[in-house]
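Enquirer: So here's upload.pdb, just PDB, C-alpha atoms, pLDDT in the B column:
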MODEL        1
ATOM      1  CA  MET A   1      -1.984  30.270  13.953  1.00 46.00           C
ATOM      2  CA  ALA A   2      -2.943  26.611  14.199  1.00 59.00           C
ATOM      3  CA  ALA A   3      -0.990  24.078  12.182  1.00 74.00           C
ATOM      4  CA  LEU A   4      -2.607  22.902   8.977  1.00 83.00           C
ATOM      5  CA  LYS A   5      -4.522  19.676   9.368  1.00 87.00           C
ATOM      6  CA  PRO A   6      -3.223  16.719   7.372  1.00 90.00           C
ATOM      7  CA  ILE A   7      -5.114  15.087   4.528  1.00 90.00           C
ATOM      8  CA  LEU A   8      -5.435  11.346   5.120  1.00 95.00           C
ATOM      9  CA  LEU A   9      -5.357   9.251   1.951  1.00 96.00           C
ATOM     10  CA  VAL A  10      -6.455   5.646   2.510  1.00 97.00           C
ATOM     11  CA  GLU A  11      -5.642   3.769  -0.677  1.00 96.00           C
ATOM     12  CA  ASP A  12      -3.972   0.447  -1.503  1.00 96.00           C
ATOM     13  CA  ASN A  13      -3.446   0.922  -5.260  1.00 93.00           C
ATOM     14  CA  PRO A  14       0.054   2.363  -5.904  1.00 95.00           C
ATOM     15  CA  ASN A  15      -1.029   3.993  -9.195  1.00 89.00           C
ATOM     16  CA  ASP A  16      -3.992   5.737  -7.544  1.00 88.00           C
ATOM     17  CA  ILE A  17      -1.732   6.877  -4.691  1.00 93.00           C
ATOM     18  CA  GLU A  18       0.748   8.379  -7.167  1.00 91.00           C
ATOM     19  CA  LEU A  19      -1.975  10.138  -9.179  1.00 85.00           C
ATOM     20  CA  THR A  20      -3.723  11.437  -6.060  1.00 86.00           C
ATOM     21  CA  LEU A  21      -0.484  12.813  -4.630  1.00 88.00           C
ATOM     22  CA  ALA A  22       0.368  14.523  -7.919  1.00 86.00           C
ATOM     23  CA  ALA A  23      -3.098  16.089  -8.133  1.00 82.00           C
ATOM     24  CA  LEU A  24      -3.031  17.316  -4.528  1.00 82.00           C
ATOM     25  CA  GLU A  25       0.476  18.715  -4.958  1.00 83.00           C
ATOM     26  CA  SER A  26      -0.593  20.566  -8.114  1.00 80.00           C
ATOM     27  CA  SER A  27      -3.266  22.309  -6.009  1.00 78.00           C
ATOM     28  CA  GLN A  28      -0.394  23.842  -4.032  1.00 77.00           C
ATOM     29  CA  LEU A  29      -1.950  22.772  -0.747  1.00 75.00           C
ATOM     30  CA  ALA A  30       0.465  23.072   2.145  1.00 79.00           C
ATOM     31  CA  ASN A  31      -1.266  20.313   4.134  1.00 82.00           C
ATOM     32  CA  GLU A  32       0.760  17.223   4.932  1.00 89.00           C
ATOM     33  CA  ILE A  33      -0.596  14.176   3.109  1.00 92.00           C
ATOM     34  CA  VAL A  34      -0.576  11.004   5.172  1.00 94.00           C
ATOM     35  CA  ILE A  35      -0.960   7.704   3.326  1.00 97.00           C
ATOM     36  CA  CYS A  36      -2.438   4.573   4.860  1.00 97.00           C
ATOM     37  CA  ARG A  37      -2.507   1.499   2.635  1.00 97.00           C
ATOM     38  CA  ASP A  38      -5.186  -0.479   4.465  1.00 97.00           C
ATOM     39  CA  GLY A  39      -8.189   0.110   6.676  1.00 97.00           C
ATOM     40  CA  ALA A  40      -6.534  -1.093   9.871  1.00 97.00           C
ATOM     41  CA  GLU A  41      -3.691   1.415   9.488  1.00 97.00           C
ATOM     42  CA  ALA A  42      -6.229   4.184   8.785  1.00 97.00           C
ATOM     43  CA  LEU A  43      -8.098   3.404  12.002  1.00 97.00           C
ATOM     44  CA  ASP A  44      -4.818   3.379  13.927  1.00 96.00           C
ATOM     45  CA  PHE A  45      -3.993   6.821  12.511  1.00 96.00           C
ATOM     46  CA  ILE A  46      -7.415   8.328  13.207  1.00 96.00           C
ATOM     47  CA  PHE A  47      -7.666   6.901  16.717  1.00 95.00           C
ATOM     48  CA  ARG A  48      -3.938   7.454  17.495  1.00 93.00           C
ATOM     49  CA  ARG A  49      -3.086   3.797  18.125  1.00 94.00           C
ATOM     50  CA  GLY A  50      -0.111   1.575  17.365  1.00 91.00           C
ATOM     51  CA  VAL A  51       2.599   3.288  15.296  1.00 91.00           C
ATOM     52  CA  HIS A  52       0.467   6.461  15.196  1.00 89.00           C
ATOM     53  CA  GLU A  53       0.006   6.686  18.966  1.00 88.00           C
ATOM     54  CA  GLN A  54       2.496   9.552  19.308  1.00 88.00           C
ATOM     55  CA  ARG A  55       1.257  11.625  16.355  1.00 87.00           C
ATOM     56  CA  ARG A  56       0.102  15.185  16.931  1.00 84.00           C
ATOM     57  CA  GLN A  57      -3.410  15.266  18.361  1.00 81.00           C
ATOM     58  CA  GLN A  58      -5.078  16.814  15.353  1.00 84.00           C
ATOM     59  CA  ASP A  59      -7.826  15.313  13.237  1.00 90.00           C
ATOM     60  CA  PRO A  60      -7.353  15.188   9.457  1.00 92.00           C
ATOM     61  CA  ALA A  61      -8.852  17.992   7.361  1.00 88.00           C
ATOM     62  CA  VAL A  62     -10.424  15.200   5.311  1.00 90.00           C
ATOM     63  CA  VAL A  63     -10.127  11.453   4.860  1.00 96.00           C
ATOM     64  CA  LEU A  64     -10.016  10.303   1.236  1.00 94.00           C
ATOM     65  CA  LEU A  65     -11.153   6.722   1.688  1.00 96.00           C
ATOM     66  CA  ASP A  66     -11.123   3.887  -0.828  1.00 95.00           C
ATOM     67  CA  LEU A  67     -13.960   1.397  -0.513  1.00 94.00           C
ATOM     68  CA  LYS A  68     -12.128  -1.847  -1.258  1.00 93.00           C
ATOM     69  CA  LEU A  69      -9.201  -2.109   1.155  1.00 96.00           C
ATOM     70  CA  PRO A  70      -7.164  -4.925   2.689  1.00 95.00           C
ATOM     71  CA  LYS A  71      -7.590  -5.879   6.372  1.00 96.00           C
ATOM     72  CA  VAL A  72     -10.556  -3.557   7.092  1.00 97.00           C
ATOM     73  CA  ASP A  73     -12.743  -2.351   4.219  1.00 95.00           C
ATOM     74  CA  GLY A  74     -13.699   1.267   3.662  1.00 96.00           C
ATOM     75  CA  LEU A  75     -17.273   0.866   4.893  1.00 97.00           C
ATOM     76  CA  GLU A  76     -16.073  -0.534   8.214  1.00 98.00           C
ATOM     77  CA  VAL A  77     -13.557   2.313   8.574  1.00 98.00           C
ATOM     78  CA  LEU A  78     -16.348   4.777   7.836  1.00 98.00           C
ATOM     79  CA  ALA A  79     -18.676   3.135  10.363  1.00 98.00           C
ATOM     80  CA  LYS A  80     -16.052   3.312  13.116  1.00 98.00           C
ATOM     81  CA  VAL A  81     -15.127   6.942  12.384  1.00 97.00           C
ATOM     82  CA  LYS A  82     -18.711   8.185  12.140  1.00 97.00           C
ATOM     83  CA  GLY A  83     -19.847   5.995  15.050  1.00 96.00           C
ATOM     84  CA  ASP A  84     -17.450   7.581  17.543  1.00 95.00           C
ATOM     85  CA  PRO A  85     -18.453  10.947  19.059  1.00 94.00           C
ATOM     86  CA  GLN A  86     -14.802  12.063  19.072  1.00 92.00           C
ATOM     87  CA  THR A  87     -14.271  11.482  15.334  1.00 94.00           C
ATOM     88  CA  ARG A  88     -17.681  11.750  13.664  1.00 92.00           C
ATOM     89  CA  GLY A  89     -16.992  15.372  12.688  1.00 91.00           C
ATOM     90  CA  ILE A  90     -14.020  14.398  10.508  1.00 93.00           C
ATOM     91  CA  PRO A  91     -15.049  14.783   6.856  1.00 92.00           C
ATOM     92  CA  VAL A  92     -14.823  11.504   4.950  1.00 95.00           C
ATOM     93  CA  VAL A  93     -14.940  11.349   1.162  1.00 92.00           C
ATOM     94  CA  MET A  94     -15.399   7.874  -0.271  1.00 92.00           C
ATOM     95  CA  LEU A  95     -13.155   7.820  -3.326  1.00 86.00           C
ATOM     96  CA  THR A  96     -13.724   4.594  -5.194  1.00 85.00           C
ATOM     97  CA  SER A  97     -14.192   2.917  -8.549  1.00 84.00           C
ATOM     98  CA  SER A  98     -17.434   1.283  -7.354  1.00 82.00           C
ATOM     99  CA  ARG A  99     -20.633   2.466  -8.986  1.00 84.00           C
ATOM    100  CA  GLU A 100     -22.782  -0.048  -7.114  1.00 89.00           C
ATOM    101  CA  GLU A 101     -25.894   1.564  -5.695  1.00 92.00           C
ATOM    102  CA  THR A 102     -25.626  -0.497  -2.501  1.00 94.00           C
ATOM    103  CA  ASP A 103     -22.152   0.954  -1.817  1.00 93.00           C
ATOM    104  CA  VAL A 104     -23.430   4.503  -2.299  1.00 92.00           C
ATOM    105  CA  VAL A 105     -26.498   3.950  -0.088  1.00 95.00           C
ATOM    106  CA  ARG A 106     -24.537   2.191   2.674  1.00 96.00           C
ATOM    107  CA  SER A 107     -21.884   4.939   2.636  1.00 95.00           C
ATOM    108  CA  TYR A 108     -24.445   7.702   3.067  1.00 95.00           C
ATOM    109  CA  ASN A 109     -26.334   5.719   5.712  1.00 96.00           C
ATOM    110  CA  LEU A 110     -23.067   5.480   7.652  1.00 97.00           C
ATOM    111  CA  GLY A 111     -22.480   9.234   7.413  1.00 96.00           C
ATOM    112  CA  VAL A 112     -20.068   9.748   4.507  1.00 95.00           C
ATOM    113  CA  ASN A 113     -19.724  13.413   3.527  1.00 91.00           C
ATOM    114  CA  ALA A 114     -19.301  12.713  -0.190  1.00 88.00           C
ATOM    115  CA  PHE A 115     -19.131   9.703  -2.502  1.00 90.00           C
ATOM    116  CA  VAL A 116     -16.919  10.214  -5.546  1.00 85.00           C
ATOM    117  CA  VAL A 117     -16.495   7.594  -8.265  1.00 84.00           C
ATOM    118  CA  LYS A 118     -12.933   7.644  -9.576  1.00 76.00           C
ATOM    119  CA  PRO A 119     -12.996   8.743 -13.209  1.00 67.00           C
ATOM    120  CA  VAL A 120     -11.192   6.373 -15.554  1.00 64.00           C
ATOM    121  CA  ALA A 121      -9.615   9.118 -17.659  1.00 70.00           C
ATOM    122  CA  PHE A 122      -6.390  10.554 -16.215  1.00 67.00           C
ATOM    123  CA  ASP A 123      -7.348  14.211 -16.744  1.00 77.00           C
ATOM    124  CA  GLU A 124     -10.750  13.744 -15.095  1.00 77.00           C
ATOM    125  CA  PHE A 125      -9.235  11.899 -12.127  1.00 73.00           C
ATOM    126  CA  PHE A 126      -6.579  14.594 -11.698  1.00 70.00           C
ATOM    127  CA  ALA A 127      -9.150  17.420 -11.832  1.00 75.00           C
ATOM    128  CA  ALA A 128     -11.520  15.658  -9.415  1.00 74.00           C
ATOM    129  CA  ILE A 129      -8.793  15.123  -6.810  1.00 75.00           C
ATOM    130  CA  ARG A 130      -7.599  18.728  -7.083  1.00 69.00           C
ATOM    131  CA  GLU A 131     -11.122  20.030  -6.498  1.00 74.00           C
ATOM    132  CA  ILE A 132     -11.740  17.673  -3.582  1.00 72.00           C
ATOM    133  CA  GLY A 133      -8.461  18.675  -1.934  1.00 71.00           C
ATOM    134  CA  VAL A 134      -9.056  22.406  -2.312  1.00 66.00           C
ATOM    135  CA  PHE A 135     -12.633  22.185  -1.065  1.00 63.00           C
ATOM    136  CA  TRP A 136     -11.979  20.114   2.058  1.00 60.00           C
ATOM    137  CA  ALA A 137      -8.571  21.563   2.984  1.00 62.00           C
ATOM    138  CA  LEU A 138      -9.242  25.249   2.229  1.00 57.00           C
ATOM    139  CA  LEU A 139     -12.906  26.066   1.741  1.00 56.00           C
ATOM    140  CA  ASN A 140     -14.765  23.808   4.172  1.00 60.00           C
ATOM    141  CA  GLU A 141     -15.311  25.196   7.685  1.00 65.00           C
ATOM    142  CA  PRO A 142     -14.945  22.281  10.145  1.00 63.00           C
ATOM    143  CA  PRO A 143     -16.710  22.037  13.520  1.00 60.00           C
ATOM    144  CA  PRO A 144     -15.047  24.255  16.150  1.00 61.00           C
ATOM    145  CA  HIS A 145     -14.220  21.410  18.558  1.00 54.00           C
ATOM    146  CA  ARG A 146     -12.787  17.897  18.375  1.00 51.00           C
ATOM    147  CA  GLY A 147     -16.053  16.225  19.342  1.00 47.00           C
ATOM    148  CA  GLY A 148     -17.578  17.054  15.981  1.00 45.00           C
ATOM    149  CA  TRP A 149     -21.282  17.649  15.834  1.00 44.00           C
ATOM    150  CA  PRO A 150     -23.360  18.532  18.885  1.00 45.00           C
ATOM    151  CA  SER A 151     -24.958  15.495  20.483  1.00 44.00           C
ATOM    152  CA  ASN A 152     -28.477  16.763  19.760  1.00 41.00           C
ATOM    153  CA  ALA A 153     -27.854  17.040  16.012  1.00 40.00           C
TER     154      ALA A 153
ENDMDL
END
Using structure tokens, write down the structure that the file contains.
Expert:
Amino acid sequence: MAALKPILLVEDNPNDIELTLAALESSQLANEIVICRDGAEALDFIFRRGVHEQRRQQDPAVVLLDLKLPKVDGLEVLAKVKGDPQTRGIPVVMLTSSREETDVVRSYNLGVNAFVVKPVAFDEFFAAIREIGVFWALLNEPPPHRGGWPSNA
């Protein structure tokens, strides 16, 4: 049986990291949760560069990506992931406090799989993260090969 794919959380806010980890853990998911605190580190993880060069060659089950990040913002991370034939099949969920229509439109134009506005209330945030984790880590059927979607799609 193949090893469970990790969940990649790309978030710079320590409180949101703590809440997200607690919500994912309460879902009883066995997936490893990898945390990157800026966009540059996330790209290094996804593309196996720098400190992540030696990591297991396995794409994340899902990337939970904040929009406003230091070094490289979430939209640029999304563009690079979805613009590369080797990584475009990785599901990316934009998880952000932004409700700006331009952010939503740009995210979908770049290929985001889902755009979720972080609820302000603790209980709502907790429930949303649990559902996202269960869906993408357990219920979603990913493409059968690393290259993602067929080139004619």
Enquirer: Counting all atoms listed in the file, find residues at most 10 Å from (-10.2, -3.7, 7.1) (file frame) and give them as an NGL selection string.
Expert: :A and (38-43 or 67-77)
Enquirer: Please provide the set of residues having any atom within 9 Å of Pro91 of chain A, restricted to only C-alpha atoms, with same-chain residues fewer than 5 positions apart removed, written as JSON, numbers by chain.
Expert: {"A": [60, 61, 62, 63, 64, 112, 113, 114, 136, 142]}
Enquirer: Evaluate the PyMOL selection byres ((chain A and resi 115) around 6) here and jot the selected residues down as a list in words.
Expert: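 Answer for the PyMOL selection byres ((chain A and resi 115) around 6): Val93, Met94, Ala114 and Val116 of chain A.
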Enquirer: When distances are computed from only C-alpha atoms, which of A:Val34, A:Asn109, A:Gln58, A:Glu100 shows the smallest separation from Thr20 of chain A?
Expert: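 When distances to Thr20 of chain A are compared using only C-alpha atoms, the smallest one comes from A:Val34.
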Enquirer: Just give me the gap between atom CA of Pro85 of chain A and atom CA of Ala30 of chain A in Å, one decimal is fine.
Expert: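 Separation of atom CA of Pro85 of chain A and atom CA of Ala30 of chain A: 28.1 Å.
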Enquirer: Name the residues captured by the PyMOL selection byres ((chain A and resi 11-13) around 7) when it is applied to the shown file; answer as a PyMOL selection string.
Expert: chain A and resi 9-10+14-17+36-38+65-66+69
Enquirer: Determine the nearest neighbour of Ala3 of chain A from the options A:Asp59, A:Asp44, A:Glu101, A:Asp84, counting all atoms listed in the file.
Expert: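 With all atoms listed in the file as the atom set, the closest residue is A:Asp59.
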Enquirer: I need the residue nearest Phe47 of chain A from this list: A:Thr87, A:Ser107, A:Thr96, A:Thr102. Use all atoms listed in the file for the distance.
Expert: A:Thr87
Enquirer: What does the structure give for the distance between atom CA of Val105 of chain A and atom CA of Ala23 of chain A, in Å to one decimal?
Expert: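 Going from atom CA of Val105 of chain A over to atom CA of Ala23 of chain A covers 27.6 Å.
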Enquirer: Would you kindly place N, CA, C and O atoms on segment 25-44 of chain A and return the model as a JSON list (two decimals), in the coordinates of the input?
Expert:
[["chain", "number", "residue", "atom", "x", "y", "z"],
["A", 25, "GLU", "N", -0.69, 17.83, -4.92],
["A", 25, "GLU", "CA", 0.48, 18.72, -4.96],
["A", 25, "GLU", "C", 0.29, 19.83, -5.98],
["A", 25, "GLU", "O", 0.72, 20.96, -5.77],
["A", 26, "SER", "N", -0.37, 19.54, -7.09],
["A", 26, "SER", "CA", -0.59, 20.57, -8.11],
["A", 26, "SER", "C", -1.57, 21.64, -7.63],
["A", 26, "SER", "O", -1.61, 22.73, -8.18],
["A", 27, "SER", "N", -2.35, 21.33, -6.59],
["A", 27, "SER", "CA", -3.27, 22.31, -6.01],
["A", 27, "SER", "C", -2.53, 23.30, -5.12],
["A", 27, "SER", "O", -3.11, 24.24, -4.64],
["A", 28, "GLN", "N", -1.25, 23.02, -4.88],
["A", 28, "GLN", "CA", -0.39, 23.84, -4.03],
["A", 28, "GLN", "C", -0.91, 23.93, -2.60],
["A", 28, "GLN", "O", -0.77, 24.95, -1.93],
["A", 29, "LEU", "N", -1.53, 22.84, -2.14],
["A", 29, "LEU", "CA", -1.95, 22.77, -0.75],
["A", 29, "LEU", "C", -0.72, 22.55, 0.12],
["A", 29, "LEU", "O", 0.15, 21.76, -0.23],
["A", 30, "ALA", "N", -0.67, 23.22, 1.24],
["A", 30, "ALA", "CA", 0.46, 23.07, 2.14],
["A", 30, "ALA", "C", 0.24, 21.96, 3.16],
["A", 30, "ALA", "O", 1.15, 21.63, 3.93],
["A", 31, "ASN", "N", -0.95, 21.36, 3.17],
["A", 31, "ASN", "CA", -1.27, 20.31, 4.13],
["A", 31, "ASN", "C", -0.38, 19.10, 3.92],
["A", 31, "ASN", "O", -0.13, 18.70, 2.77],
["A", 32, "GLU", "N", 0.05, 18.50, 5.01],
["A", 32, "GLU", "CA", 0.76, 17.22, 4.93],
["A", 32, "GLU", "C", -0.22, 16.17, 4.42],
["A", 32, "GLU", "O", -1.40, 16.18, 4.78],
["A", 33, "ILE", "N", 0.24, 15.27, 3.60],
["A", 33, "ILE", "CA", -0.60, 14.18, 3.11],
["A", 33, "ILE", "C", -0.07, 12.89, 3.73],
["A", 33, "ILE", "O", 1.08, 12.51, 3.53],
["A", 34, "VAL", "N", -0.92, 12.25, 4.50],
["A", 34, "VAL", "CA", -0.58, 11.00, 5.17],
["A", 34, "VAL", "C", -1.22, 9.87, 4.39],
["A", 34, "VAL", "O", -2.40, 9.94, 4.06],
["A", 35, "ILE", "N", -0.45, 8.84, 4.10],
["A", 35, "ILE", "CA", -0.96, 7.70, 3.33],
["A", 35, "ILE", "C", -1.06, 6.48, 4.22],
["A", 35, "ILE", "O", -0.10, 6.10, 4.89],
["A", 36, "CYS", "N", -2.23, 5.87, 4.22],
["A", 36, "CYS", "CA", -2.44, 4.57, 4.86],
["A", 36, "CYS", "C", -2.87, 3.61, 3.76],
["A", 36, "CYS", "O", -3.73, 3.94, 2.94],
["A", 37, "ARG", "N", -2.27, 2.43, 3.74],
["A", 37, "ARG", "CA", -2.51, 1.50, 2.64],
["A", 37, "ARG", "C", -3.52, 0.41, 2.95],
["A", 37, "ARG", "O", -3.76, -0.47, 2.14],
["A", 38, "ASP", "N", -4.11, 0.45, 4.13],
["A", 38, "ASP", "CA", -5.19, -0.48, 4.46],
["A", 38, "ASP", "C", -6.06, 0.15, 5.54],
["A", 38, "ASP", "O", -5.69, 1.14, 6.17],
["A", 39, "GLY", "N", -7.24, -0.45, 5.73],
["A", 39, "GLY", "CA", -8.19, 0.11, 6.68],
["A", 39, "GLY", "C", -7.74, 0.06, 8.12],
["A", 39, "GLY", "O", -8.02, 0.97, 8.91],
["A", 40, "ALA", "N", -7.02, -0.97, 8.49],
["A", 40, "ALA", "CA", -6.53, -1.09, 9.87],
["A", 40, "ALA", "C", -5.55, 0.04, 10.20],
["A", 40, "ALA", "O", -5.63, 0.65, 11.27],
["A", 41, "GLU", "N", -4.65, 0.32, 9.27],
["A", 41, "GLU", "CA", -3.69, 1.42, 9.49],
["A", 41, "GLU", "C", -4.42, 2.76, 9.57],
["A", 41, "GLU", "O", -4.07, 3.62, 10.38],
["A", 42, "ALA", "N", -5.45, 2.94, 8.75],
["A", 42, "ALA", "CA", -6.23, 4.18, 8.78],
["A", 42, "ALA", "C", -6.89, 4.37, 10.15],
["A", 42, "ALA", "O", -6.86, 5.47, 10.72],
["A", 43, "LEU", "N", -7.48, 3.31, 10.67],
["A", 43, "LEU", "CA", -8.10, 3.40, 12.00],
["A", 43, "LEU", "C", -7.06, 3.70, 13.07],
["A", 43, "LEU", "O", -7.32, 4.49, 13.99],
["A", 44, "ASP", "N", -5.89, 3.08, 12.97],
["A", 44, "ASP", "CA", -4.82, 3.38, 13.93],
["A", 44, "ASP", "C", -4.42, 4.84, 13.86],
["A", 44, "ASP", "O", -4.19, 5.49, 14.89]]
